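Asks: Contents of coords-v8.cif (mmCIF, C-alpha atoms) are below:
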```cif
data_final
loop_
_atom_site.label_atom_id
_atom_site.label_comp_id
_atom_site.auth_asym_id
_atom_site.auth_seq_id
_atom_site.Cartn_x
_atom_site.Cartn_y
_atom_site.Cartn_z
CA MET A 1 -23.65 36.04 -29.50
CA ILE A 2 -22.35 39.52 -28.80
CA ALA A 3 -18.79 38.50 -28.13
CA SER A 4 -16.98 41.79 -27.97
CA GLY A 5 -17.27 45.40 -28.97
CA ARG A 6 -20.05 47.71 -27.95
CA ILE A 7 -22.79 48.56 -30.42
CA ALA A 8 -23.43 52.27 -30.51
CA ALA A 9 -26.98 53.32 -31.28
CA GLY A 10 -27.53 53.66 -35.00
CA VAL A 11 -23.87 53.21 -35.88
CA ALA A 12 -22.62 49.79 -36.92
CA LEU A 13 -19.20 49.03 -35.46
CA HIS A 14 -17.09 46.33 -37.07
CA PRO A 15 -19.53 45.83 -39.94
CA ARG A 16 -17.62 43.10 -41.75
CA GLY A 17 -17.10 41.03 -38.62
CA ARG A 18 -20.78 41.28 -37.83
CA LEU A 19 -21.86 40.45 -41.38
CA ALA A 20 -19.57 37.40 -41.30
CA ALA A 21 -21.07 36.42 -37.95
CA ALA A 22 -24.63 36.79 -39.31
CA VAL A 23 -23.84 34.63 -42.35
CA LEU A 24 -22.17 32.04 -40.10
CA ALA A 25 -25.15 32.04 -37.72
CA SER A 26 -27.62 31.65 -40.64
CA VAL A 27 -25.74 28.74 -42.17
CA GLY A 28 -24.99 27.12 -38.82
CA ILE A 29 -28.63 27.22 -37.73
CA ALA A 30 -29.91 26.15 -41.16
CA VAL A 31 -27.80 22.97 -41.12
CA THR A 32 -28.76 22.02 -37.54
CA SER A 33 -31.42 19.30 -37.44
CA HIS A 34 -31.42 18.64 -33.71
CA ARG A 35 -34.35 20.06 -31.78
CA LEU A 36 -32.51 20.63 -28.48
CA ALA A 37 -29.54 22.31 -30.21
CA LEU A 38 -31.94 24.56 -32.13
CA ALA A 39 -33.82 25.47 -28.96
CA LEU A 40 -30.52 26.45 -27.30
CA LEU A 41 -29.51 28.51 -30.35
CA LEU A 42 -32.91 30.21 -30.31
CA LEU A 43 -32.38 31.12 -26.65
CA ALA A 44 -28.90 32.46 -27.42
CA ALA A 45 -30.26 34.55 -30.29
CA LEU A 46 -33.05 35.84 -28.05
CA GLY A 47 -30.40 36.79 -25.47
CA ALA A 48 -28.35 38.59 -28.10
CA CYS A 49 -31.44 40.53 -29.21
CA ALA A 50 -32.21 41.44 -25.59
CA CYS A 51 -28.61 42.68 -25.15
CA ALA A 52 -28.85 44.79 -28.30
CA ILE A 53 -32.17 46.28 -27.14
CA VAL A 54 -30.80 47.03 -23.64
CA GLN A 55 -27.72 48.69 -25.18
CA GLY A 56 -29.98 50.87 -27.29
CA ALA A 57 -28.69 49.53 -30.60
CA LEU A 58 -31.99 47.94 -31.54
CA ALA A 59 -35.59 49.10 -31.15
CA ALA A 60 -37.82 46.45 -29.59
CA GLY A 61 -40.53 47.28 -32.13
CA THR A 62 -38.16 46.57 -35.03
CA ALA A 63 -37.23 43.18 -33.63
CA LEU A 64 -40.89 42.28 -33.01
CA GLY A 65 -41.91 43.39 -36.49
CA ARG A 66 -39.29 41.16 -38.11
CA VAL A 67 -40.20 38.15 -36.02
CA ALA A 68 -43.88 38.70 -36.92
CA ALA A 69 -43.09 38.99 -40.66
CA VAL A 70 -41.07 35.77 -40.71
CA ASN A 71 -43.74 33.91 -38.77
CA GLY A 72 -46.37 34.58 -41.42
CA PHE A 73 -44.55 32.18 -43.72
CA VAL A 74 -43.66 29.91 -40.81
CA ALA A 75 -47.33 29.67 -39.81
CA LEU A 76 -48.22 28.50 -43.33
CA THR A 77 -45.48 25.88 -43.06
CA ALA A 78 -46.45 24.72 -39.59
CA LEU A 79 -50.09 24.36 -40.65
CA THR A 80 -49.44 22.37 -43.83
CA LEU A 81 -46.43 20.21 -42.91
CA PRO A 82 -47.87 17.92 -40.21
CA PHE A 83 -50.57 16.56 -42.50
CA ALA A 84 -50.18 14.01 -45.26
CA TRP A 85 -52.96 14.17 -47.85
CA THR A 86 -54.43 10.77 -48.57
CA ALA A 87 -57.55 9.65 -50.41
CA ALA A 88 -59.34 9.61 -47.04
CA GLY A 89 -58.38 13.22 -46.30
CA PRO A 90 -55.60 14.76 -44.18
CA VAL A 91 -53.77 12.38 -41.84
CA LEU A 92 -51.34 13.47 -39.10
CA ASP A 93 -47.82 12.54 -40.22
CA PRO A 94 -45.17 12.21 -37.43
CA SER A 95 -42.25 13.05 -39.73
CA GLY A 96 -44.13 16.16 -40.87
CA VAL A 97 -44.67 17.23 -37.26
CA GLU A 98 -40.95 16.86 -36.56
CA LEU A 99 -40.14 18.88 -39.70
CA ALA A 100 -42.59 21.62 -38.70
CA TRP A 101 -40.84 21.92 -35.31
CA LEU A 102 -37.47 22.28 -37.02
CA VAL A 103 -38.77 24.98 -39.39
CA VAL A 104 -40.34 27.00 -36.56
CA LEU A 105 -37.17 26.83 -34.43
CA ARG A 106 -34.73 27.50 -37.29
CA ALA A 107 -36.61 30.40 -38.86
CA ASN A 108 -37.02 32.19 -35.54
CA ALA A 109 -33.44 31.54 -34.40
CA VAL A 110 -32.06 32.91 -37.69
CA VAL A 111 -34.17 36.04 -37.74
CA LEU A 112 -33.34 36.84 -34.10
CA ALA A 113 -29.62 36.16 -34.55
CA CYS A 114 -29.38 38.28 -37.71
CA THR A 115 -31.46 41.09 -36.18
CA ALA A 116 -29.13 41.23 -33.18
CA LEU A 117 -25.88 40.90 -35.14
CA LEU A 118 -26.84 43.43 -37.81
CA ALA A 119 -28.48 45.97 -35.47
CA GLY A 120 -27.90 49.50 -36.72
CA PHE A 121 -26.91 48.44 -40.25
CA ASP A 122 -27.97 50.66 -43.12
CA ALA A 123 -27.46 50.11 -46.85
CA ALA A 124 -24.09 51.89 -46.92
CA THR A 125 -22.81 49.88 -43.92
CA LEU A 126 -23.83 46.66 -45.64
CA ALA A 127 -21.93 47.68 -48.77
CA ARG A 128 -18.87 48.51 -46.65
CA ALA A 129 -19.13 45.16 -44.85
CA ALA A 130 -19.41 43.22 -48.13
CA ALA A 131 -16.36 45.05 -49.51
CA GLY A 132 -14.50 44.26 -46.27
CA LEU A 133 -15.25 40.57 -46.75
CA ARG A 134 -13.75 40.77 -50.23
CA ALA A 135 -16.93 40.12 -52.17
CA PRO A 136 -16.36 40.58 -55.95
CA ASP A 137 -15.35 44.15 -56.72
CA LYS A 138 -18.15 44.84 -59.22
CA LEU A 139 -20.77 43.47 -56.82
CA CYS A 140 -19.51 45.77 -54.05
CA ARG A 141 -19.61 48.79 -56.35
CA LEU A 142 -23.14 47.80 -57.31
CA LEU A 143 -24.08 47.62 -53.61
CA PHE A 144 -22.48 51.03 -52.91
CA LEU A 145 -24.36 52.60 -55.80
CA ILE A 146 -27.69 51.02 -54.85
CA ALA A 147 -27.16 52.18 -51.26
CA ARG A 148 -26.52 55.67 -52.65
CA TYR A 149 -29.52 55.79 -54.96
CA LEU A 150 -32.10 54.02 -52.78
CA ASP A 151 -32.88 57.10 -50.68
CA LEU A 152 -32.88 59.29 -53.75
CA LEU A 153 -35.39 57.19 -55.69
CA GLY A 154 -37.44 56.64 -52.53
CA ALA A 155 -37.76 60.44 -52.25
CA GLU A 156 -38.63 60.60 -55.95
CA ARG A 157 -41.41 58.04 -55.44
CA ALA A 158 -42.74 59.97 -52.43
CA ARG A 159 -42.71 63.19 -54.51
CA ILE A 160 -44.65 61.60 -57.39
CA GLU A 161 -47.14 60.00 -55.01
CA ARG A 162 -47.69 63.34 -53.27
CA ALA A 163 -48.39 64.93 -56.65
CA MET A 164 -50.81 62.08 -57.48
CA ARG A 165 -52.68 62.53 -54.19
CA ALA A 166 -52.83 66.29 -54.71
CA ARG A 167 -54.71 65.55 -57.95
CA GLY A 168 -57.26 63.45 -56.11
CA PHE A 169 -55.72 59.98 -56.54
CA VAL A 170 -56.88 57.44 -53.95
CA PRO A 171 -55.53 53.87 -54.29
CA ARG A 172 -58.37 51.35 -54.73
CA SER A 173 -58.77 47.90 -56.22
CA ASP A 174 -59.58 49.18 -59.68
CA ARG A 175 -58.21 49.68 -63.17
CA ARG A 176 -57.42 53.33 -62.61
CA THR A 177 -55.14 52.50 -59.66
CA VAL A 178 -53.23 49.92 -61.70
CA GLU A 179 -52.79 52.44 -64.52
CA ALA A 180 -51.62 55.16 -62.15
CA TYR A 181 -49.10 52.85 -60.45
CA GLY A 182 -47.95 51.51 -63.84
CA LYS A 183 -47.16 55.06 -64.90
CA LEU A 184 -45.47 55.69 -61.54
CA VAL A 185 -43.19 52.68 -62.13
CA ALA A 186 -42.44 53.90 -65.67
CA ALA A 187 -41.64 57.38 -64.35
CA LEU A 188 -39.27 55.94 -61.72
CA LEU A 189 -37.49 53.84 -64.37
CA ALA A 190 -37.28 56.77 -66.80
CA GLY A 191 -35.81 58.94 -64.03
CA ALA A 192 -33.28 56.20 -63.30
CA VAL A 193 -32.23 55.99 -66.97
CA ALA A 194 -31.86 59.79 -67.26
CA ARG A 195 -29.77 59.95 -64.08
CA ALA A 196 -27.57 57.05 -65.19
CA GLU A 197 -26.83 58.86 -68.45
CA ARG A 198 -25.90 62.03 -66.52
CA VAL A 199 -23.67 60.08 -64.12
CA GLU A 200 -21.90 58.30 -66.97
CA ARG A 201 -21.28 61.57 -68.83
CA ALA A 202 -20.02 63.29 -65.68
CA MET A 203 -17.65 60.42 -64.89
CA ARG A 204 -16.26 60.43 -68.43
CA ALA A 205 -15.82 64.23 -68.33
CA ARG A 206 -13.71 63.82 -65.18
CA GLY A 207 -11.53 61.22 -66.82
CA PHE A 208 -12.78 58.07 -65.12
CA GLY A 209 -12.12 55.12 -67.36
CA ARG A 210 -14.18 52.83 -65.16
CA ALA A 211 -17.58 54.07 -64.20
CA VAL A 212 -17.06 53.86 -60.44
CA PRO A 213 -13.77 53.53 -58.58
CA ALA A 214 -13.42 50.57 -56.24
CA ALA A 215 -13.66 51.16 -52.51
CA PRO A 216 -10.39 50.91 -50.57
CA VAL A 217 -10.32 47.97 -48.15
CA ARG A 218 -8.19 48.10 -45.00
CA GLU A 219 -6.89 45.05 -43.17
CA ALA A 220 -9.21 43.66 -40.51
CA LYS A 221 -8.26 44.00 -36.86
CA ALA A 222 -8.42 40.88 -34.73
CA ARG A 223 -11.33 42.18 -32.69
CA GLU A 224 -13.52 42.51 -35.78
CA TRP A 225 -13.32 38.75 -36.14
CA ALA A 226 -14.35 38.28 -32.52
CA TRP A 227 -17.96 38.60 -33.72
CA ALA A 228 -17.61 35.61 -36.01
CA GLY A 229 -15.52 33.78 -33.40
CA GLY A 230 -18.15 34.36 -30.72
CA THR A 231 -20.90 33.13 -33.04
CA ALA A 232 -18.89 30.01 -33.88
CA CYS A 233 -18.39 29.35 -30.14
CA VAL A 234 -22.14 29.66 -29.47
CA LEU A 235 -22.92 27.27 -32.35
CA ALA A 236 -20.30 24.78 -31.18
CA ALA A 237 -21.50 24.97 -27.58
CA ALA A 238 -25.13 24.31 -28.59
CA TRP A 239 -24.13 21.38 -30.79
CA ALA A 240 -21.86 19.92 -28.09
CA TYR A 241 -24.51 20.27 -25.36
CA ALA A 242 -27.14 18.60 -27.52
CA GLY A 243 -24.70 15.83 -28.42
CA VAL A 244 -24.69 16.53 -32.15
CA GLY A 245 -21.67 15.15 -33.97
CA MET B 1 -41.54 35.75 -52.64
CA HIS B 2 -39.12 34.74 -49.92
CA LEU B 3 -38.56 31.26 -48.56
CA ALA B 4 -37.84 31.53 -44.84
CA GLU B 5 -34.70 30.07 -43.34
CA GLY B 6 -34.97 26.52 -42.09
CA VAL B 7 -37.21 25.01 -44.75
CA LEU B 8 -34.62 23.54 -47.12
CA SER B 9 -32.31 20.61 -46.47
CA LEU B 10 -28.52 20.96 -46.56
CA PRO B 11 -28.07 19.45 -50.08
CA ALA B 12 -30.79 21.75 -51.42
CA LEU B 13 -29.17 24.79 -49.83
CA ALA B 14 -25.77 23.83 -51.27
CA ALA B 15 -27.13 23.10 -54.75
CA THR B 16 -29.17 26.30 -55.01
CA ALA B 17 -26.29 28.37 -53.63
CA SER B 18 -23.84 26.99 -56.22
CA LEU B 19 -26.26 27.62 -59.09
CA ALA B 20 -26.87 31.15 -57.78
CA VAL B 21 -23.12 31.82 -57.56
CA ALA B 22 -22.73 30.68 -61.18
CA GLY B 23 -25.56 33.00 -62.26
CA VAL B 24 -24.05 35.96 -60.40
CA ALA B 25 -20.63 35.25 -61.95
CA ILE B 26 -22.11 35.25 -65.46
CA GLY B 27 -24.08 38.41 -64.69
CA LEU B 28 -21.03 40.26 -63.34
CA LYS B 29 -18.88 39.17 -66.27
CA ARG B 30 -21.41 40.46 -68.79
CA LEU B 31 -22.06 43.68 -66.85
CA GLU B 32 -19.79 46.34 -68.34
CA ASP B 33 -18.26 48.91 -66.00
CA SER B 34 -19.87 51.77 -67.89
CA ARG B 35 -23.31 50.19 -67.32
CA LEU B 36 -22.87 49.85 -63.54
CA PRO B 37 -24.64 53.13 -62.66
CA LEU B 38 -27.58 52.17 -64.88
CA ALA B 39 -27.81 48.69 -63.34
CA ALA B 40 -27.66 50.18 -59.83
CA LEU B 41 -30.24 52.87 -60.61
CA LEU B 42 -32.62 50.36 -62.19
CA GLY B 43 -32.08 48.06 -59.18
CA SER B 44 -32.90 50.90 -56.77
CA ALA B 45 -35.95 51.86 -58.84
CA PHE B 46 -37.25 48.28 -58.71
CA LEU B 47 -36.59 48.07 -54.96
CA VAL B 48 -38.51 51.30 -54.42
CA ALA B 49 -41.34 50.21 -56.76
CA GLY B 50 -41.54 46.82 -55.04
CA ALA B 51 -42.58 48.58 -51.85
CA ILE B 52 -45.77 49.90 -53.49
CA HIS B 53 -48.80 48.19 -51.99
CA VAL B 54 -51.93 48.01 -54.12
CA PRO B 55 -55.15 47.53 -52.15
CA LEU B 56 -56.91 44.24 -52.89
CA GLY B 57 -60.04 43.27 -51.03
CA VAL B 58 -59.39 43.58 -47.30
CA GLY B 59 -55.62 43.37 -47.65
CA SER B 60 -53.03 44.64 -50.09
CA VAL B 61 -50.58 43.12 -52.56
CA HIS B 62 -47.06 44.35 -53.18
CA LEU B 63 -45.35 44.19 -56.55
CA LEU B 64 -42.59 41.75 -57.45
CA LEU B 65 -41.57 43.17 -60.86
CA ASN B 66 -38.76 40.62 -61.33
CA GLY B 67 -39.90 39.94 -64.92
CA LEU B 68 -39.75 43.62 -65.83
CA ALA B 69 -36.37 43.91 -64.10
CA GLY B 70 -35.11 40.94 -66.10
CA LEU B 71 -36.38 42.42 -69.36
CA LEU B 72 -34.21 45.53 -68.82
CA LEU B 73 -31.27 43.95 -66.98
CA GLY B 74 -30.72 40.61 -68.73
CA TRP B 75 -28.10 38.51 -66.94
CA ALA B 76 -27.29 41.54 -64.77
CA ALA B 77 -30.57 40.67 -62.99
CA PHE B 78 -28.55 38.10 -61.00
CA PRO B 79 -26.11 40.54 -59.32
CA VAL B 80 -28.72 43.31 -59.06
CA LEU B 81 -31.34 41.06 -57.45
CA LEU B 82 -28.61 39.62 -55.19
CA ALA B 83 -27.83 43.14 -53.99
CA ALA B 84 -31.56 43.72 -53.43
CA LEU B 85 -32.00 40.46 -51.50
CA LEU B 86 -28.88 41.17 -49.41
CA LEU B 87 -30.30 44.56 -48.48
CA GLN B 88 -33.67 43.01 -47.63
CA ALA B 89 -32.05 40.23 -45.58
CA ALA B 90 -29.79 42.62 -43.68
CA LEU B 91 -32.07 45.61 -43.23
CA PHE B 92 -35.55 44.10 -43.02
CA GLY B 93 -34.83 40.54 -41.88
CA PHE B 94 -36.58 38.94 -44.87
CA GLY B 95 -35.05 35.54 -45.56
CA GLY B 96 -31.69 34.58 -44.13
CA PHE B 97 -28.23 34.25 -45.60
CA ALA B 98 -28.23 30.45 -45.98
CA VAL B 99 -31.41 30.47 -48.05
CA LEU B 100 -30.24 33.49 -50.10
CA GLY B 101 -29.07 31.32 -53.00
CA ALA B 102 -32.45 29.62 -53.30
CA ASN B 103 -34.33 32.93 -53.09
CA LEU B 104 -32.03 34.48 -55.70
CA LEU B 105 -32.57 31.58 -58.13
CA ILE B 106 -36.35 31.80 -57.63
CA MET B 107 -36.35 35.50 -58.55
CA ALA B 108 -33.54 35.75 -61.12
CA VAL B 109 -34.03 32.69 -63.34
CA PRO B 110 -37.50 33.84 -64.52
CA ALA B 111 -36.05 37.36 -64.89
CA VAL B 112 -33.34 36.20 -67.32
CA LEU B 113 -35.92 34.02 -69.08
CA ALA B 114 -38.20 37.06 -69.53
CA HIS B 115 -35.28 38.95 -71.10
CA TYR B 116 -34.60 36.35 -73.76
CA LEU B 117 -38.25 35.56 -74.48
CA LEU B 118 -39.46 39.15 -74.67
CA ARG B 119 -36.59 41.25 -76.00
CA GLY B 120 -37.79 40.79 -79.58
CA LEU B 121 -41.36 41.69 -78.70
CA ALA B 122 -40.36 44.78 -76.69
CA SER B 123 -37.99 46.22 -79.28
CA ASP B 124 -40.97 46.77 -81.59
CA ALA B 125 -42.51 50.24 -81.37
CA ALA B 126 -46.12 49.06 -81.86
CA PRO B 127 -47.99 49.90 -78.62
CA TRP B 128 -49.90 46.63 -78.48
CA ARG B 129 -46.65 44.65 -78.69
CA LEU B 130 -45.15 46.75 -75.88
CA ARG B 131 -48.29 46.15 -73.80
CA LEU B 132 -48.10 42.43 -74.47
CA ALA B 133 -44.38 42.35 -73.56
CA GLY B 134 -45.13 44.14 -70.28
CA ALA B 135 -47.97 41.77 -69.39
CA LEU B 136 -45.93 38.69 -70.29
CA ALA B 137 -43.01 39.98 -68.19
CA GLY B 138 -45.35 39.85 -65.18
CA VAL B 139 -46.62 36.38 -66.08
CA ILE B 140 -43.14 34.93 -66.69
CA GLY B 141 -41.60 36.71 -63.69
CA VAL B 142 -44.16 35.88 -61.02
CA GLY B 143 -45.39 32.62 -62.57
CA GLY B 144 -41.82 31.40 -63.03
CA ALA B 145 -40.91 32.42 -59.48
CA GLY B 146 -43.94 30.60 -58.05
CA ALA B 147 -43.23 27.47 -60.08
CA LEU B 148 -39.54 27.50 -59.14
CA ALA B 149 -40.38 28.02 -55.45
CA ALA B 150 -42.70 25.00 -55.62
CA VAL B 151 -40.00 22.89 -57.30
CA VAL B 152 -37.32 23.96 -54.80
CA LEU B 153 -39.66 23.27 -51.87
CA THR B 154 -40.69 19.79 -53.00
CA LEU B 155 -37.22 18.72 -54.21
CA GLY B 156 -35.31 20.39 -51.38
CA GLY B 157 -37.68 19.97 -48.47
CA GLY B 158 -39.29 16.61 -49.08
CA ARG B 159 -42.71 15.21 -49.96
CA GLU B 160 -44.14 16.82 -46.81
CA PHE B 161 -43.79 20.18 -48.54
CA ALA B 162 -46.18 19.48 -51.41
CA GLY B 163 -49.10 21.09 -49.55
CA LEU B 164 -47.08 24.18 -48.67
CA ALA B 165 -45.80 24.49 -52.25
CA ALA B 166 -49.38 24.46 -53.59
CA LEU B 167 -50.49 27.03 -51.01
CA PHE B 168 -47.46 29.22 -51.70
CA GLY B 169 -48.20 29.14 -55.43
CA ALA B 170 -51.89 29.97 -54.92
CA ALA B 171 -51.01 32.90 -52.65
CA HIS B 172 -49.04 34.45 -55.51
CA LEU B 173 -51.84 34.39 -58.09
CA PRO B 174 -52.97 37.93 -57.13
CA VAL B 175 -49.35 39.14 -57.43
CA LEU B 176 -49.15 37.58 -60.89
CA ALA B 177 -52.34 39.33 -62.05
CA LEU B 178 -51.18 42.64 -60.62
CA ASP B 179 -47.64 42.44 -62.06
CA ALA B 180 -49.02 41.55 -65.49
CA ALA B 181 -51.62 44.36 -65.48
CA LEU B 182 -49.07 46.86 -64.25
CA GLY B 183 -46.39 45.76 -66.73
CA ALA B 184 -48.85 46.23 -69.58
CA VAL B 185 -49.12 49.90 -68.55
CA ALA B 186 -45.50 50.47 -67.53
CA VAL B 187 -43.65 49.21 -70.63
CA PRO B 188 -45.50 51.36 -73.21
CA ALA B 189 -45.26 54.34 -70.80
CA LEU B 190 -41.51 53.78 -70.43
CA ALA B 191 -41.14 53.59 -74.21
CA ARG B 192 -42.90 57.00 -74.47
CA LEU B 193 -40.80 58.60 -71.72
CA VAL B 194 -37.46 57.20 -72.90
CA PRO B 195 -37.34 57.10 -76.70
CA ASP B 196 -35.09 54.29 -77.86
CA PHE B 197 -35.37 52.68 -74.38
CA THR B 198 -34.20 49.28 -75.62
CA ARG B 199 -30.76 50.82 -76.21
CA ARG B 200 -30.60 53.56 -73.54
CA GLY B 201 -32.51 51.92 -70.73
CA THR B 202 -31.29 48.36 -70.82
CA VAL B 203 -28.09 46.94 -69.49
CA GLU B 204 -27.16 44.48 -72.20
CA TRP B 205 -29.64 44.93 -75.02
CA ALA B 206 -27.09 46.38 -77.42
CA ARG B 207 -24.91 43.29 -77.20
#
```
Show me, as C-alpha cells, the structure contained in the file I just sent.

Replies:
Amino acid sequence: MIASGRIAAGVALHPRGRLAAAVLASVGIAVTSHRLALALLLLAALGACACAIVQGALAAGTALGRVAAVNGFVALTALTLPFAWTAAGPVLDPSGVELAWLVVLRANAVVLACTALLAGFDAATLARAAAGLRAPDKLCRLLFLIARYLDLLGAERARIERAMRARGFVPRSDRRTVEAYGKLVAALLAGAVARAERVERAMRARGFGRAVPAAPVREAKAREWAWAGGTACVLAAAWAYAGVG
Amino acid sequence: MHLAEGVLSLPALAATASLAVAGVAIGLKRLEDSRLPLAALLGSAFLVAGAIHVPLGVGSVHLLLNGLAGLLLGWAAFPVLLAALLLQAALFGFGGFAVLGANLLIMAVPAVLAHYLLRGLASDAAPWRLRLAGALAGVIGVGGAGALAAVVLTLGGGREFAGLAALFGAAHLPVLALDAALGAVAVPALARLVPDFTRRGTVEWAR
C-alpha cells in the first residue's frame, strides 16, 4: 500500500495524500464482504506495516498495541456472533459464523492499513492533512487548536496529578478517588475556560476579527495523490482476484 | 465506546455517516468564530480527562464524559467530538474512518440531548441542583451512548448482533456509574471555580 514516497521516521510526508489513502482503505475494506478479498487486503496491510517498520517510520510495539486494542472488541464479537439464542440455549448459527469471520478480517485489515498509512502522524499533521483535503474551514481551525492545546492540557493534568500524589493521593476504588478526580476534571475545565478568555482578549487586542485565521492551503502535487492511487490499486487488485464485482 | 471497523453493513455506514455530517454541519453553523478557542480548549480538556483511568476491582475504567461535554458545548459537541474521534482514529488506531460517522452519532447525540435536558437545572446556583445536573449528564451521556450503540448494532449489523449489543451495553454499566459519580462532583466544583460558568464556560448557552 506504500505506493511512493519514503516515510521519514517521525515526520509525516504527504500528510493529505496519506490521510486520503487511509480513509479510502477504511471505506474500501468496510464495504468488502468477500472472505478471500478481505484476506488478501489483510495481507497487503500487513505488508505495508512491515515496510513501515523496516523503514523506521513505525515502532513494532505501537503496531502490536493497536492490533491488540482492536481485537478486544473483535474477540467479544467473534464470541457472541456465531451463536443464536433459542429457548433450548445457544445454537451454532452458520450465518453468524460467516459474519464473525468478516468482522475479524475487516477490523484487523483496517487497523493495520491505517497504522501503516498514518505512521508518524501527530495531531498537528492530522490537522494539516484535513485542511489539505479541504475539510470545512471551521473544523480545520478547531483541529489545529485542539492539536495545539492537547499537549498543554496534558501537561496541566500531569502537574495536578503530581501535586495530588505529593499530598498522599493514591487512586483506589473508593469515594475519595472519585471526588479527587471530579475536582481534577473541574480544574482542567476551569483552566481551559480561563485560557480561552485570555486567548480571545489577546486576539481582539491584535485586531483579529475572527478568532483564528484560516490555514493557507497549497495545491497538491501529483505524487501526494500516489498514496490514494496506490491504495485504490491494491483494493481493486484484491477485488478482481477474488472475483468480486 | 468505539465500534470497531467491519461490524456495520454498508447501508448502516452510509446512514450513520449522513446523519453525523448533518449534525456536524449544524454544530459548525452554530459555533461562533469567537467561541472557537473555548470549544477547542474544552475539547482538549475532555480528551485529556478521558484518559484518566480509575481503578475498579482488578481492572480500571476510563471516563467517557460525553454528557458533561455536551452540557457545556451544546451542538458544538458534534464538531468537537468529531475532532476528538479523528485524533483517536489517526493517532491511536481506535475505530476506523468508515465507522467514524456511527461512532460520532453514538457519542454526540446523547451529548446534545444532555445539553437541552440539563441546561435549566445547571444554570441554578443551588449546589444540589448542580450535583444532580452533573450526575444526570453522566447517566444521559453514557446511558444514551450505550443504548444508541445497541440500536446501531442491531439495526445495522443484523439480528446476529443482539447478543453483542447486550454484552456491549452491560460492559458500560461501570462507566455509567463512574461518569455519574464524577459529574456530581465536577459540575459544582466547576461552578465554584468559574463564577457565572453557564455564560463564560459554555459555547452556546447565551444564545

Asks: For chain B, list the residues within 7 Å of chain A, counting all atoms listed in the file, and write the list as a PyMOL selection string.

Replies: chain B and resi 4-7+10+28+33-34+36-38+40-45+48-49+54-56+79+83+87+90-94+96-98+160-161+163-164+181-183+185-187+189-190+193-194+201

Asks: Between CA of Gly56 in chain A and CA of Thr125 in chain A, what is the distance, to one decimal in Å?

Replies: 18.1 Å

Asks: I'd like the interatomic distance between CA of Arg128 in chain A and CA of Ala45 in chain A, to a tenth of an Å.

Replies: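 These two atoms are separated by 24.3 Å.
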
Asks: Measure the distance from CA of Ala147 in chain B to CA of Ala177 in chain B in Å and round it to one decimal.

Replies: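 Separating CA of Ala147 in chain B from CA of Ala177 in chain B is a distance of 15.1 Å.
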
Asks: Expand the PyMOL selection byres ((chain A and resi 231-234) around 8) into the individual residues it matches in the shown file, reporting them as an NGL selection string.

Replies: :A and (1-3 or 21 or 24-25 or 41 or 44 or 227-230 or 235-238)

Asks: Residues proximal to (-27.1, 49.1, -69.1) were defined as those with any atom within 7 Å of that point in the file's coordinates, counting only C-alpha atoms. Which are they, as a list in words?

Replies: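 Residues lying no farther than 7 Å from the given point: Arg35, Leu38, Ala39, Leu73, Gly201, Thr202, Val203 and Glu204 of chain B.
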
Asks: Which neighbours of Ala15 in chain B fall inside 12 Å, counting only C-alpha atoms, when residues of the same chain fewer than 4 positions from it are skipped, and could you give them as a list in words?

Replies: Leu8, Ser9, Leu10, Pro11, Leu19, Ala20, Val21, Ala22, Ala98, Val99, Leu100, Gly101, Ala102, Leu105, Val152, Leu155 and Gly156 of chain B

Asks: From (-36.6, 35.2, -73.7), in the file's coordinates, out to 12 Å: which residues are reached, counting all atoms listed in the file? Answer as a ChimeraX atom specification.

Replies: /B:67-68,70-72,74-75,109-122,133,136-137,140-141

Asks: Determine the nearest neighbour of His2 in chain B from the options B:Ala69, B:Leu85, B:Ala126, B:Ala171, counting only C-alpha atoms.

Replies: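 Using only C-alpha atoms, the shortest distance to His2 in chain B belongs to B:Leu85.
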
Asks: Set the distance at 6 Å and use all atoms listed in the file: which residues neighbour Gly50 in chain B once local chain neighbours fewer than 4 positions away are removed? I'd like the list as a list in words.

Replies: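 Here the qualifying residues turn out to be Phe46, Leu63 and Leu64 of chain B.
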